[in-house]
$ cat query_1.cif   # mmCIF, C-alpha atoms and all ligand atoms
data_data
#
loop_
_atom_site.group_PDB
_atom_site.id
_atom_site.type_symbol
_atom_site.label_atom_id
_atom_site.label_comp_id
_atom_site.auth_asym_id
_atom_site.auth_seq_id
_atom_site.Cartn_x
_atom_site.Cartn_y
_atom_site.Cartn_z
ATOM 1 C CA MET I 1 0.000 0.000 0.000
ATOM 2 C CA SER I 2 1.354 3.406 -0.976
ATOM 3 C CA THR I 3 1.077 6.171 1.606
ATOM 4 C CA ASP I 4 3.436 8.650 -0.004
ATOM 5 C CA ALA I 5 1.134 10.479 -2.408
ATOM 6 C CA THR I 6 2.479 14.008 -2.731
ATOM 7 C CA ALA I 7 1.078 17.170 -4.217
ATOM 8 C CA ASP I 8 1.532 17.587 -7.965
ATOM 9 C CA PRO I 9 2.608 21.178 -8.692
ATOM 10 C CA GLU I 10 0.719 21.062 -12.022
ATOM 11 C CA CYS I 11 -2.542 19.799 -10.480
ATOM 12 C CA ILE I 12 -5.391 22.333 -10.175
ATOM 13 C CA PHE I 13 -7.024 20.439 -7.293
ATOM 14 C CA CYS I 14 -3.713 20.242 -5.372
ATOM 15 C CA LYS I 15 -3.579 24.034 -5.746
ATOM 16 C CA ILE I 16 -7.080 24.296 -4.249
ATOM 17 C CA VAL I 17 -6.003 22.027 -1.348
ATOM 18 C CA ALA I 18 -2.964 24.282 -0.807
ATOM 19 C CA GLY I 19 -5.116 27.438 -0.905
ATOM 20 C CA GLU I 20 -3.204 28.705 -3.925
ATOM 21 C CA ILE I 21 -6.348 29.186 -6.011
ATOM 22 C CA PRO I 22 -9.785 30.061 -4.628
ATOM 23 C CA ALA I 23 -12.731 27.712 -4.370
ATOM 24 C CA ASP I 24 -16.149 27.814 -2.700
ATOM 25 C CA ILE I 25 -15.315 25.289 0.023
ATOM 26 C CA VAL I 26 -18.286 23.631 1.736
ATOM 27 C CA HIS I 27 -16.570 20.940 3.818
ATOM 28 C CA GLN I 28 -13.131 20.180 5.236
ATOM 29 C CA SER I 29 -11.679 17.268 7.203
ATOM 30 C CA PRO I 30 -8.115 16.154 7.899
ATOM 31 C CA THR I 31 -8.197 13.929 4.793
ATOM 32 C CA THR I 32 -10.754 15.566 2.464
ATOM 33 C CA ILE I 33 -12.062 18.880 1.227
ATOM 34 C CA ALA I 34 -15.150 19.670 -0.850
ATOM 35 C CA PHE I 35 -16.009 22.677 -2.984
ATOM 36 C CA ARG I 36 -18.623 23.719 -5.522
ATOM 37 C CA ASP I 37 -17.970 22.703 -9.122
ATOM 38 C CA LEU I 38 -17.049 25.571 -11.458
ATOM 39 C CA GLU I 39 -19.442 24.198 -14.119
ATOM 40 C CA PRO I 40 -22.455 22.987 -12.103
ATOM 41 C CA GLN I 41 -24.629 20.336 -13.742
ATOM 42 C CA ALA I 42 -27.354 20.449 -11.068
ATOM 43 C CA PRO I 43 -28.563 22.936 -8.412
ATOM 44 C CA THR I 44 -26.108 21.269 -6.017
ATOM 45 C CA HIS I 45 -22.844 20.135 -7.600
ATOM 46 C CA VAL I 46 -19.997 19.630 -5.158
ATOM 47 C CA LEU I 47 -16.650 17.889 -5.676
ATOM 48 C CA VAL I 48 -15.243 15.935 -2.734
ATOM 49 C CA ILE I 49 -11.523 15.291 -3.055
ATOM 50 C CA PRO I 50 -8.738 13.724 -1.001
ATOM 51 C CA ARG I 51 -6.077 16.127 0.196
ATOM 52 C CA SER I 52 -3.492 13.663 -1.153
ATOM 53 C CA HIS I 53 -2.875 13.518 -4.878
ATOM 54 C CA TYR I 54 -4.044 10.302 -6.553
ATOM 55 C CA PRO I 55 -4.878 10.368 -10.273
ATOM 56 C CA ASP I 56 -8.278 8.720 -9.878
ATOM 57 C CA ALA I 57 -10.592 7.011 -7.411
ATOM 58 C CA ALA I 58 -9.191 3.544 -8.134
ATOM 59 C CA ALA I 59 -5.661 4.670 -7.245
ATOM 60 C CA LEU I 60 -6.996 6.357 -4.102
ATOM 61 C CA ALA I 61 -8.789 3.169 -3.040
ATOM 62 C CA GLN I 62 -5.517 1.250 -3.375
ATOM 63 C CA GLY I 63 -3.308 3.857 -1.716
ATOM 64 C CA GLU I 64 -5.573 5.238 1.022
ATOM 65 C CA PRO I 65 -8.693 3.086 1.375
ATOM 66 C CA GLU I 66 -9.737 4.905 4.563
ATOM 67 C CA THR I 67 -9.685 8.220 2.731
ATOM 68 C CA ALA I 68 -11.770 6.716 -0.087
ATOM 69 C CA ALA I 69 -14.408 5.876 2.529
ATOM 70 C CA HIS I 70 -14.124 9.418 3.923
ATOM 71 C CA LEU I 71 -15.177 10.795 0.508
ATOM 72 C CA PHE I 72 -18.484 8.938 0.778
ATOM 73 C CA ASP I 73 -19.032 10.029 4.367
ATOM 74 C CA ALA I 74 -18.354 13.639 3.367
ATOM 75 C CA ALA I 75 -20.910 13.262 0.565
ATOM 76 C CA ARG I 76 -23.500 12.101 3.106
ATOM 77 C CA GLU I 77 -22.784 15.160 5.278
ATOM 78 C CA ILE I 78 -22.931 17.520 2.310
ATOM 79 C CA ALA I 79 -26.205 16.016 1.060
ATOM 80 C CA GLY I 80 -27.708 16.628 4.500
ATOM 81 C CA ALA I 81 -26.443 20.204 4.636
ATOM 82 C CA GLU I 82 -27.736 20.886 1.107
ATOM 83 C CA GLY I 83 -31.197 19.462 1.818
ATOM 84 C CA LEU I 84 -30.923 16.579 -0.653
ATOM 85 C CA GLY I 85 -33.313 14.320 1.249
ATOM 86 C CA ASN I 86 -34.953 13.186 -2.004
ATOM 87 C CA GLY I 87 -31.692 11.717 -3.212
ATOM 88 C CA TYR I 88 -28.456 12.616 -4.855
ATOM 89 C CA ARG I 89 -26.064 11.135 -7.369
ATOM 90 C CA MET I 90 -22.393 10.343 -6.731
ATOM 91 C CA VAL I 91 -20.153 10.064 -9.795
ATOM 92 C CA LEU I 92 -16.529 8.950 -10.071
ATOM 93 C CA ASN I 93 -15.427 9.556 -13.655
ATOM 94 C CA THR I 94 -12.382 7.325 -14.113
ATOM 95 C CA GLY I 95 -10.337 7.717 -17.279
ATOM 96 C CA ALA I 96 -10.733 9.627 -20.512
ATOM 97 C CA ASP I 97 -13.611 7.511 -21.885
ATOM 98 C CA ALA I 98 -15.597 8.299 -18.744
ATOM 99 C CA HIS I 99 -15.009 12.048 -19.257
ATOM 100 C CA GLN I 100 -12.463 12.453 -16.477
ATOM 101 C CA THR I 101 -10.775 15.790 -17.170
ATOM 102 C CA VAL I 102 -8.998 16.497 -13.874
ATOM 103 C CA PHE I 103 -6.610 13.733 -12.847
ATOM 104 C CA HIS I 104 -6.844 14.193 -9.084
ATOM 105 C CA ALA I 105 -9.438 11.799 -7.620
ATOM 106 C CA HIS I 106 -12.798 13.493 -7.048
ATOM 107 C CA LEU I 107 -16.321 12.448 -6.176
ATOM 108 C CA HIS I 108 -19.089 14.474 -7.815
ATOM 109 C CA VAL I 109 -22.134 14.995 -5.567
ATOM 110 C CA LEU I 110 -25.102 16.146 -7.646
ATOM 111 C CA GLY I 111 -28.624 16.887 -6.479
ATOM 112 C CA GLY I 112 -31.550 19.268 -6.346
ATOM 113 C CA ARG I 113 -33.254 17.966 -9.495
ATOM 114 C CA SER I 114 -34.479 14.595 -10.735
ATOM 115 C CA MET I 115 -32.057 12.766 -13.009
ATOM 116 C CA GLY I 116 -32.310 10.349 -15.871
ATOM 117 C CA TRP I 117 -30.654 7.035 -16.574
ATOM 118 C CA PRO I 118 -28.561 5.949 -18.431
ATOM 119 C CA PRO I 119 -26.039 8.762 -17.995
ATOM 120 C CA GLY I 120 -24.672 10.364 -21.146
HETATM 121 P P1 LIG U 201 -14.281 15.365 -14.346
HETATM 122 O O1 LIG U 201 -14.818 15.636 -15.729
HETATM 123 O O2 LIG U 201 -14.984 14.194 -13.669
HETATM 124 O O3 LIG U 201 -12.781 15.221 -14.321
HETATM 125 O O4 LIG U 201 -14.682 16.631 -13.470
HETATM 126 C C1 LIG U 201 -13.855 17.731 -13.263
HETATM 127 C C2 LIG U 201 -14.732 18.846 -12.753
HETATM 128 O O5 LIG U 201 -13.901 19.819 -12.158
HETATM 129 C C3 LIG U 201 -15.559 19.553 -13.816
HETATM 130 O O6 LIG U 201 -16.945 19.362 -13.536
HETATM 131 C C4 LIG U 201 -15.177 21.018 -13.692
HETATM 132 C C5 LIG U 201 -14.467 21.086 -12.359
HETATM 133 N N1 LIG U 201 -13.375 22.024 -12.285
HETATM 134 C C6 LIG U 201 -12.300 22.068 -13.117
HETATM 135 N N2 LIG U 201 -11.458 23.039 -12.709
HETATM 136 C C7 LIG U 201 -12.017 23.590 -11.598
HETATM 137 C C8 LIG U 201 -11.603 24.641 -10.726
HETATM 138 O O7 LIG U 201 -10.558 25.258 -10.875
HETATM 139 N N3 LIG U 201 -12.445 24.937 -9.696
HETATM 140 C C9 LIG U 201 -13.615 24.270 -9.483
HETATM 141 N N4 LIG U 201 -14.360 24.632 -8.438
HETATM 142 N N5 LIG U 201 -14.026 23.270 -10.296
HETATM 143 C C10 LIG U 201 -13.224 22.953 -11.334
#

$ encode --input "query_1.cif" --output "structure tokens" --more "lines below"
Ligand code: DGP
Amino acid sequence: MSTDATADPECIFCKIVAGEIPADIVHQSPTTIAFRDLEPQAPTHVLVIPRSHYPDAAALAQGEPETAAHLFDAAREIAGAEGLGNGYRMVLNTGADAHQTVFHAHLHVLGGRSMGWPPG
């Protein structure tokens, strides 16, 4: 198990973790932070990320499985704070075909409207 994930100086989400670029932060814990997505796809659209740099959720689950679980617990807290009692969607785009564009693991938390299936 790898525990030596370090910040990537080129990574936009590492810069948000470091406070080097601004974000609308809605949650913080010792292992995670969450902030509103710049291009919201629903009335609530929050990204929950590990403070450590892993390129995607699968790498995070291998390297820091406890932190991977913390992402889901943070999503539960955020959904409660945002009044998403009717439900919310959690998305982990993993790889280019899945439309991952930022290669620092992140959990999308979307809610505040009803959603279709299958996803696009
Ligand atoms: P994905 O396509 O799954 O890799 O999602 C990346 C998301 O990150 C996308 O919805 C837009 C968002 N995003 C990209 N850059 C920034 C940023 O600098 N700030 C914030 N708040 N969101 C960003």

$ residues_near_ligand --input "query_1.cif" --ligand "ligand LIG 201 (chain U)" --cutoff "6 Å" --atoms "only C-alpha atoms and all ligand atoms" --output "JSON, numbers by chain"
{"I": [12, 23, 36, 37, 38, 39, 93, 99, 100, 101, 102]}

$ closest_residue --input "query_1.cif" --among "I:Gln41, I:Thr94, I:Ser52, I:Ser29" --to "Arg113 in chain I" --atoms "all atoms listed in the file"
I:Gln41

$ resolve_selection --input "query_1.cif" --expression "the PyMOL selection byres (((chain I and resi 47) around 9) and not hetatm)" --output "list in words"
Ile33, Ala34, Phe35, Arg36, Asp37, His45, Val46, Val48, Ile49, Ala75, His106, Leu107, His108, Val109 and Leu110 of chain I

$ atom_distance --input "query_1.cif" --atom1 "CA of His70 in chain I" --atom2 "CA of Pro30 in chain I"
9.9 Å

$ resolve_selection --input "query_1.cif" --expression "the PyMOL selection byres (((chain I and resi 6) around 6) and not hetatm)" --output "list in words"
Ala5, Ala7 and His53 of chain I

$ closest_residue --input "query_1.cif" --among "I:Ile21, I:Ile16, I:Leu60, I:Leu71" --to "Met90 in chain I" --atoms "only C-alpha atoms"
I:Leu71

$ closest_residue --input "query_1.cif" --among "I:Ala58, I:Cys11, I:Ala96, I:Val26" --to "Glu77 in chain I" --atoms "only C-alpha atoms"
I:Val26

$ build_atoms --input "query_1.cif" --residues "range 12-47 of chain I" --atoms "N, CA and C atoms" --output "PDB file, in the coordinates of the input"
ATOM      1  N   ILE I  12      -4.497  21.248 -10.598  1.00  0.00           N
ATOM      2  CA  ILE I  12      -5.391  22.333 -10.175  1.00  0.00           C
ATOM      3  C   ILE I  12      -6.032  22.028  -8.820  1.00  0.00           C
ATOM      4  N   PHE I  13      -6.375  20.759  -8.572  1.00  0.00           N
ATOM      5  CA  PHE I  13      -7.024  20.439  -7.293  1.00  0.00           C
ATOM      6  C   PHE I  13      -6.013  20.455  -6.145  1.00  0.00           C
ATOM      7  N   CYS I  14      -4.747  20.083  -6.410  1.00  0.00           N
ATOM      8  CA  CYS I  14      -3.713  20.242  -5.372  1.00  0.00           C
ATOM      9  C   CYS I  14      -3.559  21.717  -5.013  1.00  0.00           C
ATOM     10  N   LYS I  15      -3.704  22.590  -6.016  1.00  0.00           N
ATOM     11  CA  LYS I  15      -3.579  24.034  -5.746  1.00  0.00           C
ATOM     12  C   LYS I  15      -4.751  24.517  -4.894  1.00  0.00           C
ATOM     13  N   ILE I  16      -5.935  23.941  -5.105  1.00  0.00           N
ATOM     14  CA  ILE I  16      -7.080  24.296  -4.249  1.00  0.00           C
ATOM     15  C   ILE I  16      -6.822  23.800  -2.828  1.00  0.00           C
ATOM     16  N   VAL I  17      -6.324  22.563  -2.679  1.00  0.00           N
ATOM     17  CA  VAL I  17      -6.003  22.027  -1.348  1.00  0.00           C
ATOM     18  C   VAL I  17      -5.006  22.949  -0.642  1.00  0.00           C
ATOM     19  N   ALA I  18      -4.021  23.438  -1.388  1.00  0.00           N
ATOM     20  CA  ALA I  18      -2.964  24.282  -0.807  1.00  0.00           C
ATOM     21  C   ALA I  18      -3.430  25.719  -0.578  1.00  0.00           C
ATOM     22  N   GLY I  19      -4.636  26.069  -1.047  1.00  0.00           N
ATOM     23  CA  GLY I  19      -5.116  27.438  -0.905  1.00  0.00           C
ATOM     24  C   GLY I  19      -4.491  28.390  -1.895  1.00  0.00           C
ATOM     25  N   GLU I  20      -3.883  27.845  -2.943  1.00  0.00           N
ATOM     26  CA  GLU I  20      -3.204  28.705  -3.925  1.00  0.00           C
ATOM     27  C   GLU I  20      -4.167  29.280  -4.960  1.00  0.00           C
ATOM     28  N   ILE I  21      -5.300  28.600  -5.173  1.00  0.00           N
ATOM     29  CA  ILE I  21      -6.348  29.186  -6.011  1.00  0.00           C
ATOM     30  C   ILE I  21      -7.666  29.061  -5.244  1.00  0.00           C
ATOM     31  N   PRO I  22      -8.564  30.029  -5.452  1.00  0.00           N
ATOM     32  CA  PRO I  22      -9.785  30.061  -4.628  1.00  0.00           C
ATOM     33  C   PRO I  22     -10.793  28.998  -5.043  1.00  0.00           C
ATOM     34  N   ALA I  23     -11.615  28.620  -4.102  1.00  0.00           N
ATOM     35  CA  ALA I  23     -12.731  27.712  -4.370  1.00  0.00           C
ATOM     36  C   ALA I  23     -13.789  27.979  -3.308  1.00  0.00           C
ATOM     37  N   ASP I  24     -15.035  27.651  -3.647  1.00  0.00           N
ATOM     38  CA  ASP I  24     -16.149  27.814  -2.700  1.00  0.00           C
ATOM     39  C   ASP I  24     -16.229  26.526  -1.870  1.00  0.00           C
ATOM     40  N   ILE I  25     -15.483  26.511  -0.781  1.00  0.00           N
ATOM     41  CA  ILE I  25     -15.315  25.289   0.023  1.00  0.00           C
ATOM     42  C   ILE I  25     -16.515  25.107   0.948  1.00  0.00           C
ATOM     43  N   VAL I  26     -17.088  23.902   0.931  1.00  0.00           N
ATOM     44  CA  VAL I  26     -18.286  23.631   1.736  1.00  0.00           C
ATOM     45  C   VAL I  26     -18.034  22.597   2.829  1.00  0.00           C
ATOM     46  N   HIS I  27     -16.861  21.993   2.840  1.00  0.00           N
ATOM     47  CA  HIS I  27     -16.570  20.940   3.818  1.00  0.00           C
ATOM     48  C   HIS I  27     -15.057  20.757   3.885  1.00  0.00           C
ATOM     49  N   GLN I  28     -14.555  20.498   5.085  1.00  0.00           N
ATOM     50  CA  GLN I  28     -13.131  20.180   5.236  1.00  0.00           C
ATOM     51  C   GLN I  28     -12.976  19.135   6.324  1.00  0.00           C
ATOM     52  N   SER I  29     -12.050  18.215   6.155  1.00  0.00           N
ATOM     53  CA  SER I  29     -11.679  17.268   7.203  1.00  0.00           C
ATOM     54  C   SER I  29     -10.171  17.077   7.090  1.00  0.00           C
ATOM     55  N   PRO I  30      -9.569  16.350   8.002  1.00  0.00           N
ATOM     56  CA  PRO I  30      -8.115  16.154   7.899  1.00  0.00           C
ATOM     57  C   PRO I  30      -7.695  15.465   6.602  1.00  0.00           C
ATOM     58  N   THR I  31      -8.584  14.685   5.994  1.00  0.00           N
ATOM     59  CA  THR I  31      -8.197  13.929   4.793  1.00  0.00           C
ATOM     60  C   THR I  31      -8.887  14.400   3.516  1.00  0.00           C
ATOM     61  N   THR I  32      -9.948  15.194   3.641  1.00  0.00           N
ATOM     62  CA  THR I  32     -10.754  15.566   2.464  1.00  0.00           C
ATOM     63  C   THR I  32     -11.086  17.057   2.480  1.00  0.00           C
ATOM     64  N   ILE I  33     -11.380  17.587   1.289  1.00  0.00           N
ATOM     65  CA  ILE I  33     -12.062  18.880   1.227  1.00  0.00           C
ATOM     66  C   ILE I  33     -13.115  18.789   0.113  1.00  0.00           C
ATOM     67  N   ALA I  34     -14.099  19.656   0.170  1.00  0.00           N
ATOM     68  CA  ALA I  34     -15.150  19.670  -0.850  1.00  0.00           C
ATOM     69  C   ALA I  34     -15.474  21.112  -1.206  1.00  0.00           C
ATOM     70  N   PHE I  35     -15.744  21.318  -2.489  1.00  0.00           N
ATOM     71  CA  PHE I  35     -16.009  22.677  -2.984  1.00  0.00           C
ATOM     72  C   PHE I  35     -16.973  22.583  -4.158  1.00  0.00           C
ATOM     73  N   ARG I  36     -17.636  23.708  -4.441  1.00  0.00           N
ATOM     74  CA  ARG I  36     -18.623  23.719  -5.522  1.00  0.00           C
ATOM     75  C   ARG I  36     -17.920  23.655  -6.880  1.00  0.00           C
ATOM     76  N   ASP I  37     -18.518  22.860  -7.776  1.00  0.00           N
ATOM     77  CA  ASP I  37     -17.970  22.703  -9.122  1.00  0.00           C
ATOM     78  C   ASP I  37     -18.107  24.023  -9.887  1.00  0.00           C
ATOM     79  N   LEU I  38     -17.078  24.338 -10.655  1.00  0.00           N
ATOM     80  CA  LEU I  38     -17.049  25.571 -11.458  1.00  0.00           C
ATOM     81  C   LEU I  38     -18.090  25.543 -12.570  1.00  0.00           C
ATOM     82  N   GLU I  39     -18.474  24.349 -13.028  1.00  0.00           N
ATOM     83  CA  GLU I  39     -19.442  24.198 -14.119  1.00  0.00           C
ATOM     84  C   GLU I  39     -20.579  23.308 -13.637  1.00  0.00           C
ATOM     85  N   PRO I  40     -21.456  23.852 -12.755  1.00  0.00           N
ATOM     86  CA  PRO I  40     -22.455  22.987 -12.103  1.00  0.00           C
ATOM     87  C   PRO I  40     -23.445  22.371 -13.092  1.00  0.00           C
ATOM     88  N   GLN I  41     -23.707  21.091 -12.893  1.00  0.00           N
ATOM     89  CA  GLN I  41     -24.629  20.336 -13.742  1.00  0.00           C
ATOM     90  C   GLN I  41     -25.953  20.063 -13.033  1.00  0.00           C
ATOM     91  N   ALA I  42     -26.130  20.619 -11.853  1.00  0.00           N
ATOM     92  CA  ALA I  42     -27.354  20.449 -11.068  1.00  0.00           C
ATOM     93  C   ALA I  42     -27.364  21.576 -10.039  1.00  0.00           C
ATOM     94  N   PRO I  43     -28.524  21.853  -9.405  1.00  0.00           N
ATOM     95  CA  PRO I  43     -28.563  22.936  -8.412  1.00  0.00           C
ATOM     96  C   PRO I  43     -27.498  22.778  -7.323  1.00  0.00           C
ATOM     97  N   THR I  44     -27.273  21.553  -6.868  1.00  0.00           N
ATOM     98  CA  THR I  44     -26.108  21.269  -6.017  1.00  0.00           C
ATOM     99  C   THR I  44     -25.127  20.436  -6.826  1.00  0.00           C
ATOM    100  N   HIS I  45     -23.911  20.904  -6.932  1.00  0.00           N
ATOM    101  CA  HIS I  45     -22.844  20.135  -7.600  1.00  0.00           C
ATOM    102  C   HIS I  45     -21.545  20.432  -6.854  1.00  0.00           C
ATOM    103  N   VAL I  46     -21.174  19.481  -6.023  1.00  0.00           N
ATOM    104  CA  VAL I  46     -19.997  19.630  -5.158  1.00  0.00           C
ATOM    105  C   VAL I  46     -19.002  18.532  -5.520  1.00  0.00           C
ATOM    106  N   LEU I  47     -17.725  18.863  -5.471  1.00  0.00           N
ATOM    107  CA  LEU I  47     -16.650  17.889  -5.676  1.00  0.00           C
ATOM    108  C   LEU I  47     -15.999  17.608  -4.331  1.00  0.00           C
TER     109      LEU I  47
END
